[in-house]
Structures are given as structure tokens and as C-alpha cells.
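Next comes protein-v7.pdb, a file with PDB, C-alpha atoms and all ligand atoms.
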```pdb
ATOM      1  CA  MET A 265      93.553  50.277 111.342
ATOM      2  CA  PRO A 266      93.258  53.486 109.297
ATOM      3  CA  GLU A 267      94.556  51.983 105.997
ATOM      4  CA  LYS A 268      91.942  49.236 106.133
ATOM      5  CA  HIS A 269      89.238  51.811 106.871
ATOM      6  CA  GLU A 270      90.385  53.841 103.867
ATOM      7  CA  HIS A 271      90.395  50.780 101.614
ATOM      8  CA  TYR A 272      86.760  49.960 102.390
ATOM      9  CA  MET A 273      85.700  53.608 102.389
ATOM     10  CA  ARG A 274      87.102  53.987  98.882
ATOM     11  CA  ALA A 275      84.700  51.245  97.788
ATOM     12  CA  ALA A 276      81.812  53.104  99.468
ATOM     13  CA  LEU A 277      82.870  56.317  97.694
ATOM     14  CA  ILE A 278      82.779  54.553  94.325
ATOM     15  CA  GLU A 279      79.121  53.723  95.057
ATOM     16  CA  ALA A 280      78.561  57.352  96.101
ATOM     17  CA  ALA A 281      80.125  58.671  92.885
ATOM     18  CA  ALA A 282      77.901  56.333  90.846
ATOM     19  CA  ALA A 283      74.831  57.588  92.742
ATOM     20  CA  LEU A 284      75.869  61.173  91.977
ATOM     21  CA  LYS A 285      76.161  60.354  88.282
ATOM     22  CA  ALA A 286      72.666  58.851  88.402
ATOM     23  CA  GLY A 287      71.337  62.076  89.964
ATOM     24  CA  GLU A 288      70.762  60.496  93.397
ATOM     25  CA  PHE A 289      71.804  61.866  96.781
ATOM     26  CA  PRO A 290      75.380  60.540  96.810
ATOM     27  CA  VAL A 291      75.514  58.180  99.759
ATOM     28  CA  GLY A 292      77.388  54.940  99.095
ATOM     29  CA  VAL A 293      77.738  52.047 101.516
ATOM     30  CA  VAL A 294      79.667  48.806 101.717
ATOM     31  CA  LEU A 295      79.167  46.110 104.333
ATOM     32  CA  VAL A 296      82.313  44.233 105.351
ATOM     33  CA  ALA A 297      82.735  40.993 107.309
ATOM     34  CA  ASP A 298      85.980  39.102 107.977
ATOM     35  CA  GLY A 299      87.882  41.436 105.639
ATOM     36  CA  GLU A 300      85.556  40.878 102.705
ATOM     37  CA  ILE A 301      83.151  43.330 101.079
ATOM     38  CA  LEU A 302      79.825  41.469 101.075
ATOM     39  CA  VAL A 303      77.447  44.201  99.954
ATOM     40  CA  ARG A 304      77.683  47.397  97.876
ATOM     41  CA  ALA A 305      74.725  49.772  97.792
ATOM     42  CA  SER A 306      73.724  53.393  97.400
ATOM     43  CA  ARG A 307      70.826  55.785  97.911
ATOM     44  CA  ARG A 308      67.811  55.262  95.657
ATOM     45  CA  ASN A 309      64.672  57.297  95.066
ATOM     46  CA  SER A 310      65.993  60.637  96.257
ATOM     47  CA  GLN A 311      64.866  62.316  93.027
ATOM     48  CA  ALA A 312      61.643  64.323  92.848
ATOM     49  CA  GLN A 313      59.608  61.945  90.670
ATOM     50  CA  SER A 314      59.955  58.980  93.038
ATOM     51  CA  ARG A 315      61.207  60.481  96.275
ATOM     52  CA  ASN A 316      60.984  58.618  99.568
ATOM     53  CA  GLU A 317      62.945  58.602 102.828
ATOM     54  CA  ILE A 318      63.140  54.825 103.053
ATOM     55  CA  ASP A 319      65.554  53.785 100.311
ATOM     56  CA  HIS A 320      68.635  55.117 102.059
ATOM     57  CA  ALA A 321      71.944  53.480 101.152
ATOM     58  CA  GLU A 322      72.250  51.669 104.508
ATOM     59  CA  ILE A 323      68.702  50.255 104.316
ATOM     60  CA  ASN A 324      69.316  49.082 100.736
ATOM     61  CA  ALA A 325      72.581  47.476 101.880
ATOM     62  CA  LEU A 326      70.872  45.770 104.810
ATOM     63  CA  ARG A 327      68.176  44.330 102.529
ATOM     64  CA  ILE A 328      70.867  42.812 100.283
ATOM     65  CA  LEU A 329      72.748  41.456 103.308
ATOM     66  CA  LEU A 330      69.608  39.792 104.676
ATOM     67  CA  SER A 331      68.702  38.230 101.326
ATOM     68  CA  GLU A 332      72.188  37.080 100.305
ATOM     69  CA  HIS A 333      73.895  36.382 103.649
ATOM     70  CA  ALA A 334      71.002  35.390 105.886
ATOM     71  CA  GLN A 335      73.138  33.092 108.044
ATOM     72  CA  LEU A 336      75.843  35.662 108.785
ATOM     73  CA  GLU A 337      76.205  36.764 112.409
ATOM     74  CA  PRO A 338      75.465  40.523 112.202
ATOM     75  CA  SER A 339      77.955  41.428 114.933
ATOM     76  CA  ARG A 340      80.733  40.512 112.428
ATOM     77  CA  VAL A 341      79.561  43.195 109.989
ATOM     78  CA  SER A 342      81.077  46.677 109.709
ATOM     79  CA  VAL A 343      79.226  49.453 107.881
ATOM     80  CA  TYR A 344      81.200  51.902 105.730
ATOM     81  CA  SER A 345      79.111  54.918 104.675
ATOM     82  CA  SER A 346      80.186  57.925 102.640
ATOM     83  CA  MET A 347      77.974  59.987 104.978
ATOM     84  CA  GLU A 348      77.184  59.534 108.668
ATOM     85  CA  PRO A 349      74.058  57.344 108.986
ATOM     86  CA  CYS A 350      70.777  59.081 109.786
ATOM     87  CA  LEU A 351      68.648  58.144 112.787
ATOM     88  CA  MET A 352      66.506  55.689 110.788
ATOM     89  CA  CYS A 353      69.482  53.830 109.342
ATOM     90  CA  TYR A 354      71.500  53.874 112.548
ATOM     91  CA  SER A 355      68.692  52.479 114.685
ATOM     92  CA  THR A 356      67.633  49.920 112.041
ATOM     93  CA  LEU A 357      71.205  48.604 111.789
ATOM     94  CA  LEU A 358      71.530  48.543 115.585
ATOM     95  CA  LEU A 359      68.285  46.577 115.922
ATOM     96  CA  SER A 360      69.639  44.205 113.262
ATOM     97  CA  GLY A 361      72.648  43.446 115.479
ATOM     98  CA  ILE A 362      75.296  45.527 113.677
ATOM     99  CA  ARG A 363      77.640  47.426 115.999
ATOM    100  CA  ARG A 364      80.501  48.924 113.937
ATOM    101  CA  PHE A 365      80.008  52.111 111.917
ATOM    102  CA  VAL A 366      82.586  54.006 109.880
ATOM    103  CA  TRP A 367      81.737  57.095 107.834
ATOM    104  CA  ALA A 368      83.462  59.721 105.733
ATOM    105  CA  TYR A 369      81.441  62.934 105.937
ATOM    106  CA  GLU A 370      79.486  64.064 108.992
ATOM    107  CA  ASP A 371      75.756  64.767 108.573
ATOM    108  CA  VAL A 372      75.412  67.908 110.677
ATOM    109  CA  MET A 373      71.687  68.087 109.936
ATOM    110  CA  GLY A 374      70.351  64.545 110.181
ATOM    111  CA  GLY A 375      73.149  62.361 111.515
ATOM    112  CA  GLY A 376      71.878  59.903 114.109
ATOM    113  CA  THR A 377      75.026  58.401 115.593
ATOM    114  CA  ASN A 378      75.147  60.705 118.624
ATOM    115  CA  LEU A 379      71.958  59.071 119.884
ATOM    116  CA  ALA A 380      72.379  58.646 123.660
ATOM    117  CA  LEU A 381      71.722  54.896 123.898
ATOM    118  CA  GLN A 382      72.238  54.821 127.679
ATOM    119  CA  GLN A 383      69.239  57.137 128.110
ATOM    120  CA  LEU A 384      66.921  54.799 126.227
ATOM    121  CA  ASN A 385      65.207  51.591 127.318
ATOM    122  CA  PRO A 386      67.202  48.479 128.350
ATOM    123  CA  LEU A 387      67.520  46.907 124.873
ATOM    124  CA  TYR A 388      69.456  49.954 123.670
ATOM    125  CA  GLN A 389      71.388  50.612 126.888
ATOM    126  CA  ALA A 390      73.126  47.245 126.537
ATOM    127  CA  MET A 391      74.460  47.961 123.046
ATOM    128  CA  GLN A 392      78.243  48.395 122.750
ATOM    129  CA  VAL A 393      78.819  50.454 119.634
ATOM    130  CA  GLU A 394      82.044  51.342 117.780
ATOM    131  CA  LEU A 395      81.978  54.600 115.782
ATOM    132  CA  VAL A 396      84.707  55.946 113.478
ATOM    133  CA  ALA A 397      84.206  59.335 111.777
ATOM    134  CA  SER A 398      85.992  61.303 109.030
ATOM    135  CA  VAL A 399      87.627  58.465 107.050
ATOM    136  CA  LEU A 400      88.374  59.992 103.578
ATOM    137  CA  ARG A 401      86.198  62.952 104.587
ATOM    138  CA  GLN A 402      87.615  65.255 101.893
ATOM    139  CA  GLU A 403      86.812  62.816  99.096
ATOM    140  CA  SER A 404      83.234  62.457 100.292
ATOM    141  CA  LEU A 405      82.874  66.207 100.865
ATOM    142  CA  ALA A 406      83.910  66.816  97.236
ATOM    143  CA  ILE A 407      81.092  64.566  96.041
ATOM    144  CA  PHE A 408      78.477  66.243  98.278
ATOM    145  CA  GLN A 409      79.614  69.729  97.216
ATOM    146  CA  GLN A 410      79.197  68.691  93.603
ATOM    147  CA  PHE A 411      75.729  67.331  94.392
ATOM    148  CA  PHE A 412      74.517  70.476  96.153
ATOM    149  CA  ARG A 413      75.766  72.647  93.289
ATOM    150  CA  GLU A 414      73.685  70.676  90.796
ATOM    151  CA  HIS A 415      70.580  69.305  92.525
ATOM    152  CA  ASP A 416      67.602  70.557  94.530
ATOM    153  CA  TYR A 417      67.293  67.743  97.110
ATOM    154  CA  TRP A 418      67.787  69.327 100.580
ATOM    155  CA  GLN A 419      68.680  72.522  98.772
ATOM    156  CA  ASP A 420      68.768  75.585 101.047
ATOM    157  CA  SER A 421      69.049  73.349 104.115
ATOM    158  CA  LEU A 422      71.500  73.398 107.009
ATOM    159  CA  LEU A 423      73.271  70.475 105.331
ATOM    160  CA  SER A 424      73.660  72.154 101.935
ATOM    161  CA  HIS A 425      74.852  75.453 103.430
ATOM    162  CA  TYR A 426      77.312  73.690 105.740
ATOM    163  CA  THR A 427      78.585  71.433 102.936
ATOM    164  CA  LEU A 428      79.179  74.283 100.486
ATOM    165  CA  SER A 429      80.962  76.309 103.186
ATOM    166  CA  GLN A 430      83.508  73.577 103.943
ATOM    167  CA  GLN A 431      87.090  73.993 102.810
ATOM    168  CA  LEU A 432      88.043  71.511 100.125
ATOM    169  CA  ASP A 433      91.701  70.625  99.633
ATOM    170  CA  LYS A 434      90.967  68.965  96.312
ATOM    171  CA  PRO A 435      88.858  71.554  94.517
ATOM    172  CA  LEU A 436      87.663  69.554  91.530
ATOM    173  CA  TYR A 437      85.200  66.743  91.898
ATOM    174  CA  GLN A 438      86.465  65.388  88.561
ATOM    175  CA  GLN A 439      89.876  64.727  90.139
ATOM    176  CA  VAL A 440      88.272  62.707  92.893
ATOM    177  CA  ASP A 441      86.093  60.914  90.366
ATOM    178  CA  ARG A 442      89.077  59.928  88.242
ATOM    179  CA  GLN A 443      91.000  58.867  91.319
ATOM    180  CA  LEU A 444      88.078  56.709  92.471
ATOM    181  CA  SER A 445      87.505  55.180  89.058
ATOM    182  CA  GLY A 446      91.177  54.251  88.811
ATOM    183  CA  GLU A 447      91.076  52.264  92.035
ATOM    184  CA  PRO A 448      90.561  48.530  91.818
ATOM    185  CA  SER A 449      87.324  47.697  93.593
TER     186      SER A 449
HETATM  187 ZN    ZN A 501      69.562  56.953 106.476
END
```
Any chance you could put this one into C-alpha cells?
Amino acid sequence: MPEKHEHYMRAALIEAAAALKAGEFPVGVVLVADGEILVRASRRNSQAQSRNEIDHAEINALRILLSEHAQLEPSRVSVYSSMEPCLMCYSTLLLSGIRRFVWAYEDVMGGGTNLALQQLNPLYQAMQVELVASVLRQESLAIFQQFFREHDYWQDSLLSHYTLSQQLDKPLYQQVDRQLSGEPS
């Protein structure tokens, strides 16, 4: 259902745009169950003064889910990320029982979703995972290009070079920002 995917991804991109405005690495996430957005979250502590590689958007979203929806069956949850989840987030969500992942922009440097589960130990081999890539990719790409033009996090990395080399149909981040802000959440 591509329209549904786009609807939820737009909500994730609003979180990403807010993270960008706050100077954070612009990953936004929403968690959806039974057609309802239960959790909205974004990357925290990506800036130099308090930098860590724990407070990723998906981990922050999972913490909120566990505290506010503790009784929810995790297999009903879909993850919408503005960027492909990294290995830490992907495996943490898998271990938490979540099986559906949708993302906008591929992480060619640190994306973890091509992990070969069938080559791992039995717990992982049994996991049936649904992956959907490139939903509203251009909108997310615009946000990441803006980020890499302005910030030093992962500057001069494979990800920044790849991101800045990608063709953008909508050249101005501001257009995307306005478009996102105008959407009902
Ligand atoms: Zn991550």
C-alpha cells in the first residue's frame, strides 16, 4: 500500500526536519500499529558536545513504545524511518519482536538491513522480516543534503559524499520543509 507508506513516512520526515532544525543528524521515526501512529521520535545527541551512538531515532522510539505501550504485541508494529536503520537499531528492533521496516533514504555506509539472518544462529534464522525501501526518498535526501552542507557529523565520510552526489529533483530543502510543515500530522 504505497499511499499508506507515504502517509506515515511524511510523519517521520516531519520529525527528521525538526531534528535538522535542532542541529541533530536528521533521522525521524514513527512507529505505527493498526493504522495509528503510536510514537514519534528523532535522533538525539549527535552533536559534538554530547555525542553518542546510542540515542538513534529508532532506539528513542522503542524506549517510548516500551514505556507507553508496554502491553502491545510488537509484531503489530511497523517502523517508518527517514533513513535505513543501522545495524544496532535493526537488530535491537528485531530482538524486540518488530518485523516490518520501511525507510526513505538508504544508508550506504552504515545501513544494517541487509544482514543475512539465515547465516546467523537459530533465533535470527527464524525471523520473517518485511523490508520496504525508498518511500519518499527524494524528500529525505533533500534533508540529508541540507544537513551535510551545514554540519560536521560524518563529514567527509562515504555517506556524506554519496548523499551530496545524489541527484535531487526538488533542489531546495526549504520547499520540502514548507511542504512538510503544511501537512496535517
Ligand atoms: Zn541506528
Q. What residues have any atom no more than 7 Å from ligand ZN 501 (chain A) when counting all atoms listed in the file, and can you list them as number ranges by chain?
A. A: 320-322, 349-353
Q.
Nearest residue to Glu370 in chain A out of A:Gln419, A:Ser404, A:Gln410, A:Asn309, using only C-alpha atoms?
A. A:Ser404
Q | Selection near Ser310 in chain A, 7 Å with all atoms listed in the file, sequence-local residues under 6 positions removed, as a list of chain:residue names | A | A:Glu288, A:Phe289, A:Asn316
Q. Could you pull the residues within 10 Å of range 414-417 of chain A, counting only C-alpha atoms, minus those fewer than 6 positions along the same chain, as a PyMOL selection string?
A. chain A and resi 284+287-289+310-312+315+408+424
Q | Point-to-point distance in Å for CA of Ala275 in chain A and CA of Leu358 in chain A | A |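 Computing the Euclidean distance for CA of Leu358 in chain A and CA of Ala275 in chain A yields 22.3 Å.
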Q: Given the file shown, enumerate the residues that the PyMOL selection byres (((chain A and resi 325-332) around 12) and not hetatm) captures and present them as a count of residues only.
A: 44
Write out as an mmCIF file with C-alpha atoms, keeping the file's coordinate frame which residues come within 12 Å of His425 in chain A when counting all atoms listed in the file, dropping same-chain ones fewer than 2 positions away.
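Output saved as out30.cif:
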```cif
data_model
loop_
_atom_site.group_PDB
_atom_site.id
_atom_site.type_symbol
_atom_site.label_atom_id
_atom_site.label_comp_id
_atom_site.auth_asym_id
_atom_site.auth_seq_id
_atom_site.Cartn_x
_atom_site.Cartn_y
_atom_site.Cartn_z
ATOM 1 C CA ASP A 371 75.756 64.767 108.573
ATOM 2 C CA VAL A 372 75.412 67.908 110.677
ATOM 3 C CA MET A 373 71.687 68.087 109.936
ATOM 4 C CA PHE A 408 78.477 66.243 98.278
ATOM 5 C CA GLN A 409 79.614 69.729 97.216
ATOM 6 C CA PHE A 412 74.517 70.476 96.153
ATOM 7 C CA ARG A 413 75.766 72.647 93.289
ATOM 8 C CA TRP A 418 67.787 69.327 100.580
ATOM 9 C CA GLN A 419 68.680 72.522 98.772
ATOM 10 C CA ASP A 420 68.768 75.585 101.047
ATOM 11 C CA SER A 421 69.049 73.349 104.115
ATOM 12 C CA LEU A 422 71.500 73.398 107.009
ATOM 13 C CA LEU A 423 73.271 70.475 105.331
ATOM 14 C CA THR A 427 78.585 71.433 102.936
ATOM 15 C CA LEU A 428 79.179 74.283 100.486
ATOM 16 C CA SER A 429 80.962 76.309 103.186
ATOM 17 C CA GLN A 430 83.508 73.577 103.943
#
```
Q: Enter the distance from CA of Gly375 in chain A to CA of Ser314 in chain A, in Å, rounded to one decimal.
A: 23.0 Å
Q. CA of Ala380 in chain A and CA of Leu395 in chain A are how many Å apart?
A.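 For CA of Ala380 in chain A relative to CA of Leu395 in chain A, the distance reads 13.1 Å.
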Q. Pick the closest to Glu270 in chain A from A:Gln313, A:Ser355, A:Gln431, A:Ser346: which is it, counting only C-alpha atoms?
A.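 Selected residue with least distance to Glu270 in chain A: A:Ser346.
Closest to Arg401 in chain A among A:Ala368, A:Glu348, A:Ala280, A:His269 is A:Ala368, based on all atoms listed in the file.
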**Q.** Minimum-distance residue to Glu403 in chain A, chosen among A:Gly374, A:Ala282, A:Lys268, A:Leu432 (using all atoms listed in the file)
**A.** A:Leu432
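In terms of minimum interatomic distance to Leu379 in chain A, A:Val393 ranks closest within A:Leu405, A:Val393, A:Ala281, A:Val366, counting only C-alpha atoms.
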Using the file's own x, y and z axes, so that the box edges lie along x, y and z, what centre and edge lengths in Å (one decimal) does a box around every listed atom of range 311-327 of chain A get when 8 Å is added on each side? Give it as AutoDock Vina command-line options.
```
--center_x 66.1 --center_y 54.3 --center_z 97.7 --size_x 29.0 --size_y 36.0 --size_z 30.1
```
